[in-house]
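Have a look at start10.cif below; it lists mmCIF, C-alpha atoms.
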```
data_start
#
loop_
_atom_site.label_atom_id
_atom_site.label_comp_id
_atom_site.auth_asym_id
_atom_site.auth_seq_id
_atom_site.Cartn_x
_atom_site.Cartn_y
_atom_site.Cartn_z
CA MET A 359 -20.03 -23.09 10.80
CA ARG A 360 -17.14 -20.66 10.79
CA ARG A 361 -17.30 -20.29 14.56
CA LEU A 362 -17.27 -24.07 14.94
CA ILE A 363 -14.20 -24.51 12.71
CA TYR A 364 -12.29 -21.82 14.56
CA PHE A 365 -13.40 -23.30 17.88
CA VAL A 366 -11.93 -26.68 16.90
CA LEU A 367 -8.68 -25.08 15.68
CA ALA A 368 -8.30 -22.95 18.82
CA PHE A 369 -8.98 -25.98 21.00
CA LEU A 370 -6.37 -28.00 19.09
CA VAL A 371 -3.79 -25.29 19.70
CA TRP A 372 -4.81 -25.18 23.37
CA VAL A 373 -4.41 -28.94 23.79
CA LEU A 374 -1.00 -28.91 22.08
CA ALA A 375 0.20 -25.89 24.05
CA SER A 376 -0.99 -26.98 27.48
CA TRP A 377 -0.56 -30.76 26.93
CA PRO A 378 -3.08 -32.07 29.52
CA PHE A 379 -1.91 -35.71 29.30
CA VAL A 380 -0.27 -36.40 32.66
CA ASP A 381 0.69 -40.05 33.39
CA GLY A 382 -1.70 -41.40 30.77
CA GLN A 383 -4.60 -39.48 32.30
CA VAL A 384 -6.36 -36.49 30.79
CA ASP A 385 -6.49 -33.50 33.11
CA LEU A 386 -10.18 -32.50 33.03
CA GLN A 387 -9.60 -29.02 34.47
CA VAL A 388 -7.33 -28.10 31.58
CA ILE A 389 -9.86 -29.41 29.06
CA VAL A 390 -12.73 -27.41 30.59
CA ALA A 391 -10.64 -24.25 30.69
CA GLY A 392 -9.63 -24.90 27.07
CA VAL A 393 -13.25 -25.32 25.93
CA ILE A 394 -14.19 -22.01 27.57
CA ALA A 395 -11.17 -20.14 26.21
CA SER A 396 -11.56 -21.53 22.67
CA ALA A 397 -15.30 -20.81 22.63
CA LEU A 398 -14.65 -17.21 23.70
CA ALA A 399 -11.91 -16.81 21.10
CA ALA A 400 -14.09 -18.26 18.32
CA LEU A 401 -17.13 -16.17 19.28
CA LEU A 402 -15.32 -12.88 19.75
CA PHE A 403 -12.77 -13.03 16.94
CA HIS A 404 -14.40 -15.10 14.17
CA ASP A 405 -14.95 -12.01 12.03
CA ILE A 406 -11.32 -10.87 12.09
CA LEU A 407 -9.99 -14.37 11.34
CA PRO A 408 -9.54 -15.42 7.67
CA LYS A 409 -12.77 -15.83 5.72
CA GLU A 410 -11.47 -18.90 3.89
CA HIS A 411 -12.30 -21.24 6.75
CA HIS A 412 -13.66 -23.91 4.41
CA VAL A 413 -10.11 -24.91 3.42
CA PHE A 414 -9.68 -26.63 6.78
CA VAL A 415 -12.61 -29.02 6.27
CA SER A 416 -12.22 -29.91 2.59
CA PRO A 417 -10.10 -33.11 2.32
CA ILE A 418 -8.74 -32.21 -1.13
CA ARG A 419 -7.59 -28.79 0.05
CA VAL A 420 -6.02 -30.26 3.18
CA PHE A 421 -4.23 -32.79 0.96
CA TRP A 422 -2.81 -30.00 -1.23
CA MET A 423 -1.87 -28.09 1.93
CA LEU A 424 0.13 -31.09 3.17
CA ALA A 425 1.62 -31.57 -0.30
CA TYR A 426 2.68 -27.92 -0.29
CA ILE A 427 4.75 -28.32 2.91
CA PRO A 428 7.69 -30.29 1.37
CA VAL A 429 7.71 -28.06 -1.73
CA PHE A 430 7.76 -25.00 0.50
CA PHE A 431 10.59 -26.34 2.66
CA TYR A 432 12.61 -27.27 -0.43
CA TYR A 433 12.49 -23.63 -1.57
CA VAL A 434 13.13 -22.32 1.97
CA ILE A 435 16.29 -24.42 2.27
CA ARG A 436 17.43 -23.39 -1.22
CA ALA A 437 16.78 -19.76 -0.25
CA ASN A 438 18.98 -20.16 2.79
CA PHE A 439 21.93 -21.57 0.86
CA ASP A 440 21.45 -18.73 -1.61
CA VAL A 441 21.64 -16.10 1.15
CA VAL A 442 24.58 -17.84 2.85
CA TYR A 443 26.45 -17.91 -0.49
CA ARG A 444 25.84 -14.21 -1.10
CA ALA A 445 26.66 -13.24 2.49
CA LEU A 446 29.94 -15.18 2.67
CA HIS A 447 31.23 -14.57 -0.88
CA PRO A 448 34.05 -11.98 -0.64
CA ALA A 449 32.77 -9.97 -3.63
CA MET A 450 29.14 -10.11 -2.39
CA PRO A 451 27.41 -10.89 -5.73
CA ILE A 452 24.16 -8.97 -5.26
CA LYS A 453 22.18 -6.89 -7.73
CA PRO A 454 19.16 -5.68 -5.77
CA GLY A 455 16.04 -3.88 -6.93
CA ILE A 456 12.29 -3.68 -6.44
CA VAL A 457 10.23 -5.28 -9.22
CA LYS A 458 6.51 -5.54 -9.84
CA ILE A 459 4.79 -8.91 -10.34
CA LYS A 460 1.23 -9.87 -11.13
CA THR A 461 -0.84 -12.47 -9.32
CA ASN A 462 -4.10 -14.12 -10.38
CA LEU A 463 -5.03 -15.17 -6.85
CA LYS A 464 -8.12 -13.42 -5.52
CA THR A 465 -8.80 -14.36 -1.89
CA ASP A 466 -7.02 -12.60 0.97
CA SER A 467 -5.67 -15.79 2.50
CA ALA A 468 -4.21 -16.97 -0.79
CA ILE A 469 -2.46 -13.64 -1.39
CA THR A 470 -1.13 -13.62 2.19
CA ALA A 471 0.22 -17.14 1.74
CA LEU A 472 1.78 -16.14 -1.59
CA ALA A 473 3.41 -13.03 -0.09
CA ASN A 474 4.83 -15.02 2.82
CA SER A 475 6.05 -17.79 0.50
CA ILE A 476 7.79 -15.21 -1.69
CA THR A 477 9.48 -13.68 1.33
CA LEU A 478 10.87 -17.01 2.54
CA THR A 479 12.12 -18.20 -0.85
CA PRO A 480 15.25 -17.48 -2.89
CA GLY A 481 16.29 -13.84 -3.00
CA THR A 482 12.88 -12.18 -2.78
CA LEU A 483 11.02 -10.11 -0.19
CA THR A 484 7.48 -8.82 -0.62
CA VAL A 485 7.27 -5.09 0.11
CA ASP A 486 3.70 -4.16 -0.75
CA LEU A 487 0.63 -5.20 -2.72
CA THR A 488 -2.07 -3.33 -4.58
CA ASP A 489 -5.82 -3.75 -4.94
CA ASP A 490 -5.55 -4.78 -8.59
CA GLY A 491 -3.39 -7.86 -7.99
CA TYR A 492 0.18 -6.60 -8.23
CA LEU A 493 2.92 -7.25 -5.70
CA TYR A 494 6.07 -5.20 -5.24
CA VAL A 495 8.97 -7.54 -4.52
CA HIS A 496 12.49 -6.69 -3.44
CA TRP A 497 14.76 -9.01 -5.42
CA ILE A 498 18.36 -9.49 -4.33
CA ASN A 499 19.52 -10.54 -7.81
CA VAL A 500 17.30 -8.87 -10.41
CA LYS A 501 17.16 -10.93 -13.60
CA SER A 502 14.42 -8.94 -15.34
CA ASP A 503 12.42 -5.83 -14.51
CA ASP A 504 9.63 -6.83 -16.89
CA VAL A 505 6.35 -7.68 -15.08
CA GLU A 506 5.72 -10.89 -17.05
CA GLN A 507 9.21 -12.33 -16.76
CA ALA A 508 9.57 -11.40 -13.09
CA THR A 509 6.22 -13.09 -12.36
CA GLN A 510 7.43 -16.18 -14.18
CA ALA A 511 10.64 -16.27 -12.15
CA ILE A 512 9.19 -15.48 -8.73
CA SER A 513 5.59 -16.49 -8.17
CA THR A 514 4.35 -18.97 -10.80
CA ARG A 515 5.72 -22.00 -8.95
CA PHE A 516 3.61 -21.16 -5.84
CA GLU A 517 0.48 -19.88 -7.53
CA TRP A 518 -0.45 -23.28 -8.88
CA PHE A 519 -0.40 -24.83 -5.41
CA LEU A 520 -2.07 -21.92 -3.65
CA ALA A 521 -4.89 -21.86 -6.19
CA LYS A 522 -5.49 -25.56 -5.43
CA ILE A 523 -5.54 -24.85 -1.69
CA PHE A 524 -7.53 -21.63 -1.47
CA GLU A 525 -9.57 -21.18 -4.67
CA MET B 443 19.43 -41.96 18.47
CA SER B 444 16.76 -39.27 18.46
CA ASP B 445 19.01 -37.28 20.82
CA VAL B 446 21.77 -37.23 18.22
CA ILE B 447 19.41 -36.16 15.40
CA GLY B 448 17.99 -33.45 17.67
CA TYR B 449 21.42 -32.08 18.56
CA ILE B 450 22.49 -32.09 14.91
CA LEU B 451 19.36 -30.12 13.98
CA VAL B 452 20.03 -27.63 16.80
CA ALA B 453 23.62 -27.21 15.61
CA VAL B 454 22.56 -26.65 11.98
CA GLY B 455 19.92 -24.17 13.16
CA VAL B 456 22.47 -22.17 15.15
CA LEU B 457 24.80 -22.23 12.14
CA PHE B 458 22.07 -20.75 9.90
CA ASN B 459 21.37 -18.09 12.53
CA VAL B 460 25.08 -17.17 12.52
CA PHE B 461 25.12 -16.93 8.70
CA GLY B 462 21.98 -14.79 8.83
CA CYS B 463 23.73 -12.42 11.23
CA ILE B 464 26.82 -12.27 9.01
CA GLY B 465 24.51 -11.31 6.12
CA LEU B 466 22.82 -8.75 8.36
CA VAL B 467 26.17 -7.05 8.96
CA ARG B 468 27.58 -7.33 5.41
CA PHE B 469 24.62 -6.41 3.18
CA PRO B 470 24.40 -2.75 2.22
CA ASP B 471 20.84 -1.53 2.89
CA VAL B 472 17.74 -2.23 4.98
CA TYR B 473 16.00 -4.32 2.32
CA ASN B 474 18.95 -6.64 1.64
CA ARG B 475 19.57 -7.00 5.34
CA LEU B 476 15.94 -7.95 5.87
CA GLN B 477 16.37 -10.69 3.29
CA ALA B 478 19.23 -12.22 5.28
CA ALA B 479 17.53 -11.67 8.62
CA THR B 480 14.18 -13.12 7.55
CA LYS B 481 15.28 -16.21 5.63
CA CYS B 482 18.22 -17.48 7.65
CA VAL B 483 16.86 -16.60 11.05
CA THR B 484 13.47 -18.16 10.28
CA LEU B 485 14.92 -21.45 9.05
CA GLY B 486 17.54 -21.43 11.82
CA THR B 487 14.93 -20.98 14.51
CA VAL B 488 12.58 -23.56 12.99
CA LEU B 489 15.43 -26.10 12.83
CA LEU B 490 16.37 -25.31 16.44
CA LEU B 491 12.79 -25.90 17.57
CA ALA B 492 12.54 -29.07 15.46
CA GLY B 493 15.73 -30.30 17.10
CA VAL B 494 14.30 -29.63 20.55
CA ALA B 495 11.09 -31.44 19.59
CA ILE B 496 12.96 -34.51 18.32
CA ALA B 497 15.42 -34.64 21.22
CA SER B 498 12.70 -34.37 23.87
CA GLY B 499 10.42 -37.04 22.35
CA VAL B 500 6.60 -37.04 22.29
CA GLY B 501 5.27 -34.80 25.05
CA ALA B 502 4.58 -31.30 26.24
CA THR B 503 7.94 -29.85 25.17
CA ALA B 504 7.71 -31.22 21.64
CA ALA B 505 4.14 -29.96 21.20
CA LYS B 506 5.11 -26.47 22.35
CA ALA B 507 8.21 -26.42 20.16
CA ILE B 508 6.15 -27.35 17.08
CA ILE B 509 3.54 -24.68 17.82
CA CYS B 510 6.32 -22.10 18.23
CA ALA B 511 7.85 -23.22 14.91
CA VAL B 512 4.53 -22.75 13.09
CA PHE B 513 4.04 -19.29 14.60
CA VAL B 514 7.60 -18.25 13.71
CA LEU B 515 7.04 -19.44 10.13
CA VAL B 516 3.83 -17.41 9.81
CA THR B 517 4.80 -14.23 11.67
CA SER B 518 8.41 -13.70 10.64
CA PRO B 519 7.75 -12.94 6.92
CA THR B 520 4.76 -10.81 7.90
CA ALA B 521 6.97 -8.74 10.19
CA ALA B 522 9.47 -8.43 7.34
CA HIS B 523 6.78 -6.97 5.02
CA ALA B 524 5.83 -4.47 7.71
CA ILE B 525 9.45 -3.40 8.28
CA ALA B 526 10.21 -3.15 4.55
CA LYS B 527 7.09 -1.11 3.84
CA GLY B 528 7.63 1.07 6.90
CA ALA B 529 11.25 1.69 5.93
CA TYR B 530 10.21 2.70 2.41
CA ALA B 531 7.38 4.92 3.66
CA SER B 532 9.67 6.74 6.07
CA GLY B 533 12.13 7.48 3.26
CA VAL B 534 14.95 4.97 3.75
CA LYS B 535 16.90 5.01 0.47
CA LEU B 536 17.76 1.89 -1.47
CA TRP B 537 21.44 1.04 -1.98
CA ASP B 538 23.10 3.26 -4.61
CA GLN B 539 23.84 0.26 -6.86
CA THR B 540 20.20 -0.85 -6.92
CA VAL B 541 19.23 -1.61 -10.50
CA VAL B 542 15.49 -0.95 -10.55
CA ASP B 543 12.85 0.55 -8.27
CA LYS B 544 9.32 -0.06 -9.55
CA TYR B 545 7.92 0.81 -6.14
CA ALA B 546 8.69 4.53 -6.48
CA GLU B 547 5.55 5.06 -8.63
CA GLN B 548 3.35 3.18 -6.16
CA ALA B 549 4.63 4.86 -3.01
CA LYS B 550 3.04 8.11 -4.17
CA GLY B 551 -0.37 6.54 -4.95
CA GLU B 552 -3.10 5.66 -2.49
CA THR B 553 -4.14 2.18 -3.63
CA SER B 554 -2.10 0.25 -1.06
CA ARG B 555 -3.95 -2.45 0.87
CA LEU B 556 -1.45 -2.69 3.70
CA ALA B 557 -2.33 0.65 5.23
#
```

Since I need it in another form, could you write the structure as structure tokens?
Amino acid sequence: MRRLIYFVLAFLVWVLASWPFVDGQVDLQVIVAGVIASALAALLFHDILPKEHHVFVSPIRVFWMLAYIPVFFYYVIRANFDVVYRALHPAMPIKPGIVKIKTNLKTDSAITALANSITLTPGTLTVDLTDDGYLYVHWINVKSDDVEQATQAISTRFEWFLAKIFE
Amino acid sequence: MSDVIGYILVAVGVLFNVFGCIGLVRFPDVYNRLQAATKCVTLGTVLLLAGVAIASGVGATAAKAIICAVFVLVTSPTAAHAIAKGAYASGVKLWDQTVVDKYAEQAKGETSRLA
């Protein structure tokens, strides 16, 4: 099952990247090469790819994934205006530090998505994570060094979505 | 029409890249600079690619631009974690006006998952 899902995903990427639709016709050579390449990729690398492959076939999870995209981009754009403001302001209003936050997410994919979301959103950059569910986050404008309050300010808004998608 | 929207997106993307670079030069230490570099350059590049996709219409170029945008979105923050952690591990000091460093306790321990 996992090999099949990764085969379909790899083939989708192949079709998009090589675009075999010339003059309304499908180029069969490209498709055959794509099937072989995707099958090899899925067979050889299925055990190093994420173990949460079921999220791609569950309609509810895919729905939450799509719903997460606008939320994510809203925070990314806000993050950018935040950085631009701090970079262009003559006095450079920054107050950096590394804080510790707690996450309740368990699966590897969910924690990866959380860490990447934190990095791309206002004023925060994930530095490291521990086995027992803590993340170390570099915060450009530290409001609180308390674990609870920092978690509230940084990660709670993503955790709800990511739990729906991955857990 | 889609040409105009595409060019506007490309222009905004380049603008964000420029602001990211200004931040890269002005911020005081590696970690703050990474913040500017990661956020602005990621959004700038994604907007650039989105502009290319919209200006070129449905086809091979648009499909490749969208794939590139997805890969940039996934890999750029991951690279930032690796650089930040590597910088800390090799002893790059935080800025002298840094207010808190909770990571100091962890850097000595062995429980890290990102070995």

*Shell of 12 Å around Val393 of chain A, only C-alpha atoms, local chain residues under 3 positions omitted, as a VMD selection string*: chain A and resid 362 364 to 373 386 to 390 396 to 401

_So that I can check the surroundings of segment 518-532 of chain B, please list as number ranges by chain every protein, DNA and RNA residue that reaches within 6 Å of it, counting only C-alpha atoms and ignoring chain neighbours fewer than 4 positions away._
A: 474, 477, 484-485; B: 514

*Computed interatomic separation between atom CA of Gly481 of chain A and atom CA of Thr461 of chain A (Å)*: 18.3 Å

*Residue IDs satisfying the PyMOL selection byres ((chain A) within 8 of (chain B)), as number ranges by chain*: A: 371, 374-377, 434-435, 437-438, 441-442, 444-446, 453-458, 474, 477-479, 481-489, 494, 496, 498, 500, 503

Determine the residue membership of the PyMOL selection byres ((chain B and resi 489) around 8) for the file above and supply it as a compact mmCIF listing (two decimals) with C-alpha atoms, keeping the file's coordinate frame.
```txt
# COMPACT_ATOMS: atom_id res chain seq x y z
CA LEU B 451 19.36 -30.12 13.98
CA VAL B 452 20.03 -27.63 16.80
CA VAL B 454 22.56 -26.65 11.98
CA GLY B 455 19.92 -24.17 13.16
CA LEU B 485 14.92 -21.45 9.05
CA GLY B 486 17.54 -21.43 11.82
CA THR B 487 14.93 -20.98 14.51
CA VAL B 488 12.58 -23.56 12.99
CA LEU B 490 16.37 -25.31 16.44
CA LEU B 491 12.79 -25.90 17.57
CA ALA B 492 12.54 -29.07 15.46
CA GLY B 493 15.73 -30.30 17.10
```

*Residues at most 12 Å from Lys464 of chain A, counting all atoms listed in the file, excluding those fewer than 6 positions away in the same chain, as a list of chain:residue names?*
A:Glu410, A:Thr470, A:Ala471, A:Leu472, A:Thr488, A:Asp489, A:Asp490, A:Gly491, A:Tyr492, A:Glu517, A:Leu520, A:Ala521, A:Phe524, A:Glu525

*Please write as a PyMOL selection string the full residue list that the PyMOL selection byres ((chain A and resi 414-431) around 8) yields on this file.*
chain A and resi 363+411-413+432-435+475+519+522-524

Is it possible to get the axis-aligned box enclosing segment 400-418 of chain A (all listed atoms, 6 Å extra per side) as lines of an AutoDock Vina configuration file, with centre and edge lengths in Å rounded to one decimal?
```
center_x = -12.9
center_y = -22.0
center_z = 9.3
size_x = 20.4
size_y = 34.2
size_z = 32.9
```

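Going from atom CA of Phe516 of chain A to atom CA of Val512 of chain B covers 19.0 Å.
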
*With only C-alpha atoms as the atoms that count, which of A:Trp518, A:Ala449, A:Val495, A:Ser502 lies nearest to Asn462 of chain A?*
A:Trp518

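Pairwise distance (atom CA of His447 of chain A, atom CA of Asn459 of chain B) equals 17.0 Å.
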